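Structure file structure_37.json with JSON, C-alpha atoms:
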[["chain", "number", "residue", "atom", "x", "y", "z"],
["A", 21, "MET", "CA", 7.95, 22.75, -11.79],
["A", 22, "ALA", "CA", 7.68, 19.20, -13.12],
["A", 23, "VAL", "CA", 8.74, 16.31, -10.94],
["A", 24, "SER", "CA", 10.54, 13.50, -12.74],
["A", 25, "PHE", "CA", 8.92, 10.12, -12.45],
["A", 26, "GLU", "CA", 12.16, 8.69, -11.06],
["A", 27, "TRP", "CA", 11.65, 10.80, -7.92],
["A", 28, "VAL", "CA", 8.02, 9.74, -7.76],
["A", 29, "GLU", "CA", 9.14, 6.09, -7.87],
["A", 30, "LEU", "CA", 11.69, 6.60, -5.13],
["A", 31, "ALA", "CA", 9.16, 8.38, -2.90],
["A", 32, "LEU", "CA", 6.59, 5.57, -3.22],
["A", 33, "PRO", "CA", 8.06, 3.28, -0.51],
["A", 34, "VAL", "CA", 8.38, 6.23, 1.89],
["A", 35, "VAL", "CA", 4.76, 7.27, 1.34],
["A", 36, "LEU", "CA", 3.60, 3.67, 1.74],
["A", 37, "ALA", "CA", 5.66, 3.14, 4.91],
["A", 38, "ILE", "CA", 4.22, 6.28, 6.53],
["A", 39, "HIS", "CA", 0.69, 5.27, 5.55],
["A", 40, "ASN", "CA", 1.22, 1.72, 6.87],
["A", 41, "ALA", "CA", 2.56, 3.12, 10.15],
["A", 42, "ASP", "CA", -0.49, 5.39, 10.43],
["A", 43, "GLU", "CA", -2.78, 2.38, 10.02],
["A", 44, "TYR", "CA", -0.81, 0.13, 12.36],
["A", 45, "ALA", "CA", -0.51, 2.78, 15.09],
["A", 46, "LYS", "CA", -4.17, 2.19, 15.92],
["A", 47, "TYR", "CA", -4.15, -1.55, 15.32],
["A", 48, "GLU", "CA", -7.37, -2.48, 17.16],
["A", 49, "GLU", "CA", -9.41, 0.29, 15.57],
["A", 50, "PHE", "CA", -7.84, -0.44, 12.17],
["A", 51, "VAL", "CA", -8.85, -4.12, 12.26],
["A", 52, "ASP", "CA", -12.36, -3.31, 13.50],
["A", 53, "ALA", "CA", -12.87, -0.67, 10.81],
["A", 54, "TYR", "CA", -11.43, -2.39, 7.76],
["A", 55, "HIS", "CA", -11.24, -6.12, 8.37],
["A", 56, "PRO", "CA", -14.22, -7.10, 10.55],
["A", 57, "ARG", "CA", -15.14, -10.09, 8.36],
["A", 58, "LEU", "CA", -11.67, -11.58, 8.22],
["A", 59, "SER", "CA", -10.54, -14.35, 10.52],
["A", 60, "LYS", "CA", -8.86, -13.27, 13.75],
["A", 61, "THR", "CA", -5.81, -15.31, 12.75],
["A", 62, "LEU", "CA", -5.36, -13.26, 9.57],
["A", 63, "THR", "CA", -5.75, -10.01, 11.47],
["A", 64, "SER", "CA", -3.68, -10.82, 14.54],
["A", 65, "ARG", "CA", -1.19, -8.15, 15.53],
["A", 66, "PRO", "CA", 1.80, -10.20, 14.27],
["A", 67, "ALA", "CA", 0.05, -10.92, 10.95],
["A", 68, "ILE", "CA", -0.80, -7.25, 10.37],
["A", 69, "ARG", "CA", 2.73, -6.22, 11.40],
["A", 70, "TYR", "CA", 4.34, -8.72, 9.04],
["A", 71, "ALA", "CA", 1.94, -7.78, 6.24],
["A", 72, "THR", "CA", 2.78, -4.09, 6.47],
["A", 73, "ILE", "CA", 6.50, -4.81, 6.63],
["A", 74, "ALA", "CA", 6.41, -7.32, 3.74],
["A", 75, "LEU", "CA", 4.33, -5.01, 1.54],
["A", 76, "THR", "CA", 6.67, -2.10, 2.22],
["A", 77, "VAL", "CA", 9.77, -4.20, 1.50],
["A", 78, "PHE", "CA", 8.17, -5.47, -1.71],
["A", 79, "VAL", "CA", 7.49, -1.89, -2.86],
["A", 80, "VAL", "CA", 11.04, -0.84, -1.90],
["A", 81, "ILE", "CA", 12.38, -3.60, -4.15],
["A", 82, "ILE", "CA", 10.03, -2.75, -7.02],
["A", 83, "ALA", "CA", 10.80, 0.98, -6.78],
["A", 84, "GLY", "CA", 14.52, 0.33, -6.58],
["A", 85, "LEU", "CA", 14.45, -1.95, -9.60],
["A", 86, "ALA", "CA", 12.34, 0.58, -11.51],
["A", 87, "TYR", "CA", 14.90, 3.27, -10.76],
["A", 88, "ILE", "CA", 17.84, 1.06, -11.77],
["A", 89, "TYR", "CA", 16.08, -0.30, -14.90],
["A", 90, "PRO", "CA", 13.98, 2.60, -16.23],
["A", 91, "GLU", "CA", 12.82, 0.71, -19.33],
["A", 92, "SER", "CA", 11.54, -2.33, -17.44],
["A", 93, "VAL", "CA", 8.26, -3.80, -16.28],
["A", 94, "PHE", "CA", 9.15, -2.55, -12.79],
["A", 95, "VAL", "CA", 8.24, 1.01, -13.83],
["A", 96, "GLU", "CA", 4.76, -0.20, -14.79],
["A", 97, "MET", "CA", 4.53, -2.10, -11.50],
["A", 98, "CYS", "CA", 5.32, 1.14, -9.68],
["A", 99, "LYS", "CA", 2.58, 2.92, -11.58],
["A", 100, "VAL", "CA", 0.05, 0.24, -10.70],
["A", 101, "SER", "CA", 1.23, 0.37, -7.07],
["A", 102, "ILE", "CA", 0.71, 4.13, -7.02],
["A", 103, "PHE", "CA", -2.85, 3.72, -8.25],
["A", 104, "ALA", "CA", -3.49, 0.88, -5.79],
["A", 105, "LEU", "CA", -2.32, 3.15, -2.97],
["A", 106, "LEU", "CA", -4.53, 5.93, -4.34],
["A", 107, "MET", "CA", -7.55, 3.60, -4.36],
["A", 108, "ASN", "CA", -6.71, 2.64, -0.78],
["A", 109, "ALA", "CA", -6.57, 6.34, 0.21],
["A", 110, "ILE", "CA", -9.91, 7.02, -1.46],
["A", 111, "GLY", "CA", -11.34, 4.05, 0.44],
["A", 112, "HIS", "CA", -10.06, 5.45, 3.75],
["A", 113, "SER", "CA", -11.53, 8.85, 2.97],
["A", 114, "GLY", "CA", -14.88, 7.46, 1.82],
["A", 115, "LEU", "CA", -15.30, 5.15, 4.79],
["A", 116, "SER", "CA", -14.37, 7.94, 7.21],
["A", 117, "LEU", "CA", -16.99, 10.18, 5.61],
["A", 118, "LYS", "CA", -19.58, 7.39, 5.69],
["A", 119, "ARG", "CA", -18.93, 6.63, 9.36],
["A", 120, "ARG", "CA", -18.52, 10.33, 10.25],
["A", 121, "ARG", "CA", -15.27, 9.80, 12.11],
["A", 122, "ILE", "CA", -11.60, 9.69, 11.26],
["A", 123, "LEU", "CA", -10.50, 6.07, 10.88],
["A", 124, "PRO", "CA", -6.89, 4.83, 11.13],
["A", 125, "GLY", "CA", -4.93, 5.66, 8.00],
["A", 126, "THR", "CA", -7.16, 8.55, 6.99],
["A", 127, "TYR", "CA", -4.77, 11.30, 8.09],
["A", 128, "SER", "CA", -1.91, 9.95, 6.01],
["A", 129, "ALA", "CA", -4.31, 9.14, 3.16],
["A", 130, "VAL", "CA", -5.57, 12.71, 2.96],
["A", 131, "LEU", "CA", -2.42, 14.62, 3.90],
["A", 132, "LEU", "CA", 0.17, 12.47, 2.15],
["A", 133, "VAL", "CA", -1.14, 9.79, -0.22],
["A", 134, "LEU", "CA", -3.67, 11.93, -2.11],
["A", 135, "PRO", "CA", -1.24, 14.83, -2.76],
["A", 136, "TYR", "CA", 1.52, 12.37, -3.66],
["A", 137, "SER", "CA", -0.86, 10.62, -6.07],
["A", 138, "ILE", "CA", -1.72, 13.91, -7.76],
["A", 139, "VAL", "CA", 1.97, 14.68, -8.26],
["A", 140, "ALA", "CA", 2.54, 11.12, -9.51],
["A", 141, "ILE", "CA", -0.31, 11.32, -12.03],
["A", 142, "MET", "CA", 0.88, 14.72, -13.24],
["A", 143, "SER", "CA", 4.36, 13.25, -13.64],
["A", 144, "MET", "CA", 3.01, 10.23, -15.54],
["A", 145, "ARG", "CA", 0.92, 12.45, -17.76],
["A", 146, "GLY", "CA", 3.46, 15.20, -18.36],
["A", 147, "GLY", "CA", 6.94, 13.75, -18.11],
["A", 148, "ALA", "CA", 6.21, 10.15, -19.01],
["A", 149, "GLY", "CA", 3.59, 11.08, -21.61],
["A", 150, "ALA", "CA", 0.91, 8.66, -20.42],
["A", 151, "SER", "CA", -2.37, 8.97, -22.31],
["A", 152, "TYR", "CA", -5.74, 9.14, -20.62],
["A", 153, "SER", "CA", -6.48, 5.59, -21.72],
["A", 154, "GLU", "CA", -3.21, 4.43, -20.11],
["A", 155, "LEU", "CA", -4.20, 6.21, -16.90],
["A", 156, "ALA", "CA", -7.65, 4.59, -17.04],
["A", 157, "THR", "CA", -5.98, 1.19, -17.41],
["A", 158, "LEU", "CA", -3.78, 1.96, -14.41],
["A", 159, "VAL", "CA", -6.87, 2.94, -12.39],
["A", 160, "ALA", "CA", -8.50, -0.41, -13.25],
["A", 161, "LEU", "CA", -5.33, -2.33, -12.39],
["A", 162, "GLY", "CA", -5.03, -0.35, -9.14],
["A", 163, "LEU", "CA", -8.61, -1.24, -8.24],
["A", 164, "LEU", "CA", -7.81, -4.93, -8.74],
["A", 165, "THR", "CA", -4.38, -4.80, -7.13],
["A", 166, "ALA", "CA", -5.31, -3.05, -3.86],
["A", 167, "PRO", "CA", -7.56, -5.81, -2.43],
["A", 168, "ALA", "CA", -5.47, -8.58, -4.00],
["A", 169, "ALA", "CA", -2.31, -7.21, -2.36],
["A", 170, "VAL", "CA", -4.05, -6.92, 1.02],
["A", 171, "PHE", "CA", -5.16, -10.56, 0.94],
["A", 172, "LEU", "CA", -1.88, -11.86, -0.51],
["A", 173, "PHE", "CA", 0.24, -10.09, 2.08],
["A", 174, "LEU", "CA", -2.13, -10.98, 4.94],
["A", 175, "TRP", "CA", -1.86, -14.69, 4.03],
["A", 176, "LEU", "CA", 1.90, -14.42, 3.65],
["A", 177, "ALA", "CA", 2.11, -12.63, 7.01],
["A", 178, "TYR", "CA", -0.16, -15.18, 8.64],
["A", 179, "GLY", "CA", 2.25, -17.90, 7.50],
["A", 180, "LEU", "CA", 5.21, -15.94, 8.88],
["A", 181, "SER", "CA", 3.44, -15.42, 12.20],
["A", 182, "ARG", "CA", 2.70, -19.16, 12.39],
["A", 183, "LEU", "CA", 6.36, -19.92, 11.74],
["A", 184, "GLU", "CA", 7.32, -17.47, 14.47],
["A", 185, "SER", "CA", 4.89, -18.94, 16.97],
["A", 186, "GLY", "CA", 6.08, -22.46, 16.11],
["A", 187, "ALA", "CA", 9.71, -21.48, 16.59],
["A", 188, "THR", "CA", 8.88, -19.76, 19.87],
["A", 189, "SER", "CA", 6.96, -22.75, 21.20],
["A", 190, "GLN", "CA", 9.83, -25.11, 20.29],
["A", 191, "GLN", "CA", 12.35, -22.86, 22.10],
["A", 192, "VAL", "CA", 10.22, -23.06, 25.25],
["A", 193, "ARG", "CA", 10.34, -26.87, 25.27]]
Output the file's structure as structure tokens, nothing else.
Amino acid sequence: MAVSFEWVELALPVVLAIHNADEYAKYEEFVDAYHPRLSKTLTSRPAIRYATIALTVFVVIIAGLAYIYPESVFVEMCKVSIFALLMNAIGHSGLSLKRRRILPGTYSAVLLVLPYSIVAIMSMRGGAGASYSELATLVALGLLTAPAAVFLFLWLAYGLSRLESGATSQQVR
């Protein structure tokens, strides 16, 4: 049974939200495992919380626009996002194997993101007719997008957390 790519697009934000929640549920261990070289300000609890929320909202918007406008650039953005999430899941799995312990995000990566990605790729290949060269391009874009999105959303979230702390400190005065 083939799954239409429209359903794959609509499932993307749900899969991402579950994966983000899995990572955030063990915040301390998550930061120690994946972001030990980053500044403590970028990896503060509020910054990580805002980053996961902002990234999820961004993907909800992209997926919604892709569903509403099926012939738009938003569909391609969804495809790149799917491959970025796949690269993230492979990273979780690889690092867990390397460290010989289950790290935060690995359960959802293995049990949800990897199977979802397989269905998504099959849908792209079968229903959408993507060629192998198109899939290879999406892999490359996903490899570039995953770390870029992490840093972009961490900086955005850091700014939001600074605004929040500034507003809180002014309310106290």
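Counting from atom CA of A:Val133, the distance to atom CA of A:Val35 is 6.6 Å.
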Separation of atom CA of A:Leu32 from atom CA of A:Ile102 in Å: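 Result for atom CA of A:Ile102 versus atom CA of A:Leu32: 7.1 Å, one decimal.
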Atom CA of A:Leu180 to atom CA of A:Ile68, distance in Å rounded to a single decimal: 10.7 Å
Give as a PDB file with C-alpha atoms, keeping the file's coordinate frame the set of residues within 12 Å of the point (5.0, -6.2, 2.3), where distances use the file's coordinates and only C-alpha atoms.
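Listed below is the output, part11.pdb:
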ATOM      1  CA  PRO A  33       8.060   3.280  -0.510  1.00  0.00           C
ATOM      2  CA  LEU A  36       3.600   3.670   1.740  1.00  0.00           C
ATOM      3  CA  ALA A  37       5.660   3.140   4.910  1.00  0.00           C
ATOM      4  CA  ASN A  40       1.220   1.720   6.870  1.00  0.00           C
ATOM      5  CA  ALA A  67       0.050 -10.920  10.950  1.00  0.00           C
ATOM      6  CA  ILE A  68      -0.800  -7.250  10.370  1.00  0.00           C
ATOM      7  CA  ARG A  69       2.730  -6.220  11.400  1.00  0.00           C
ATOM      8  CA  TYR A  70       4.340  -8.720   9.040  1.00  0.00           C
ATOM      9  CA  ALA A  71       1.940  -7.780   6.240  1.00  0.00           C
ATOM     10  CA  THR A  72       2.780  -4.090   6.470  1.00  0.00           C
ATOM     11  CA  ILE A  73       6.500  -4.810   6.630  1.00  0.00           C
ATOM     12  CA  ALA A  74       6.410  -7.320   3.740  1.00  0.00           C
ATOM     13  CA  LEU A  75       4.330  -5.010   1.540  1.00  0.00           C
ATOM     14  CA  THR A  76       6.670  -2.100   2.220  1.00  0.00           C
ATOM     15  CA  VAL A  77       9.770  -4.200   1.500  1.00  0.00           C
ATOM     16  CA  PHE A  78       8.170  -5.470  -1.710  1.00  0.00           C
ATOM     17  CA  VAL A  79       7.490  -1.890  -2.860  1.00  0.00           C
ATOM     18  CA  VAL A  80      11.040  -0.840  -1.900  1.00  0.00           C
ATOM     19  CA  ILE A  81      12.380  -3.600  -4.150  1.00  0.00           C
ATOM     20  CA  ILE A  82      10.030  -2.750  -7.020  1.00  0.00           C
ATOM     21  CA  ALA A 169      -2.310  -7.210  -2.360  1.00  0.00           C
ATOM     22  CA  VAL A 170      -4.050  -6.920   1.020  1.00  0.00           C
ATOM     23  CA  PHE A 171      -5.160 -10.560   0.940  1.00  0.00           C
ATOM     24  CA  LEU A 172      -1.880 -11.860  -0.510  1.00  0.00           C
ATOM     25  CA  PHE A 173       0.240 -10.090   2.080  1.00  0.00           C
ATOM     26  CA  LEU A 174      -2.130 -10.980   4.940  1.00  0.00           C
ATOM     27  CA  TRP A 175      -1.860 -14.690   4.030  1.00  0.00           C
ATOM     28  CA  LEU A 176       1.900 -14.420   3.650  1.00  0.00           C
ATOM     29  CA  ALA A 177       2.110 -12.630   7.010  1.00  0.00           C
ATOM     30  CA  LEU A 180       5.210 -15.940   8.880  1.00  0.00           C
TER      31      LEU A 180
END
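Comparing the minimum interatomic distances between A:Thr126 and each of A:Ile141, A:Ser113, A:Ser101, A:Ala166, counting all atoms listed in the file, we find that A:Ser113 sits nearest.
Remark: for A:Glu91, the closest of the candidate residues A:Pro135, A:Tyr47, A:Glu184, A:Glu26 is A:Glu26 (distances computed over all atoms listed in the file).
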Within 12 Å of A:Leu131 using all atoms listed in the file, minus same-chain residues under 2 positions, as an MDAnalysis selection string: chainID A and resid 35 38:39 42 109:110 112:113 125:129 133:138
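In terms of minimum interatomic distance to A:Ala104, A:Leu164 ranks closest within A:His55, A:Glu43, A:Leu164, A:Glu29, counting all atoms listed in the file.
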Nearest-residue call for A:Tyr44, choices A:Leu155, A:Ile88, A:Leu123, A:Ala150, using all atoms listed in the file: A:Leu123
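Compared by their closest atoms to A:Leu163, and using all atoms listed in the file, the residues A:Ser64, A:Ser59, A:Ser24, A:Asn108 rank with A:Asn108 nearest.
Distance annotation: of A:Leu85, A:Arg65, A:Arg145, A:Val23, the residue with the minimal separation from A:Val51 is A:Arg65; atom set is only C-alpha atoms.
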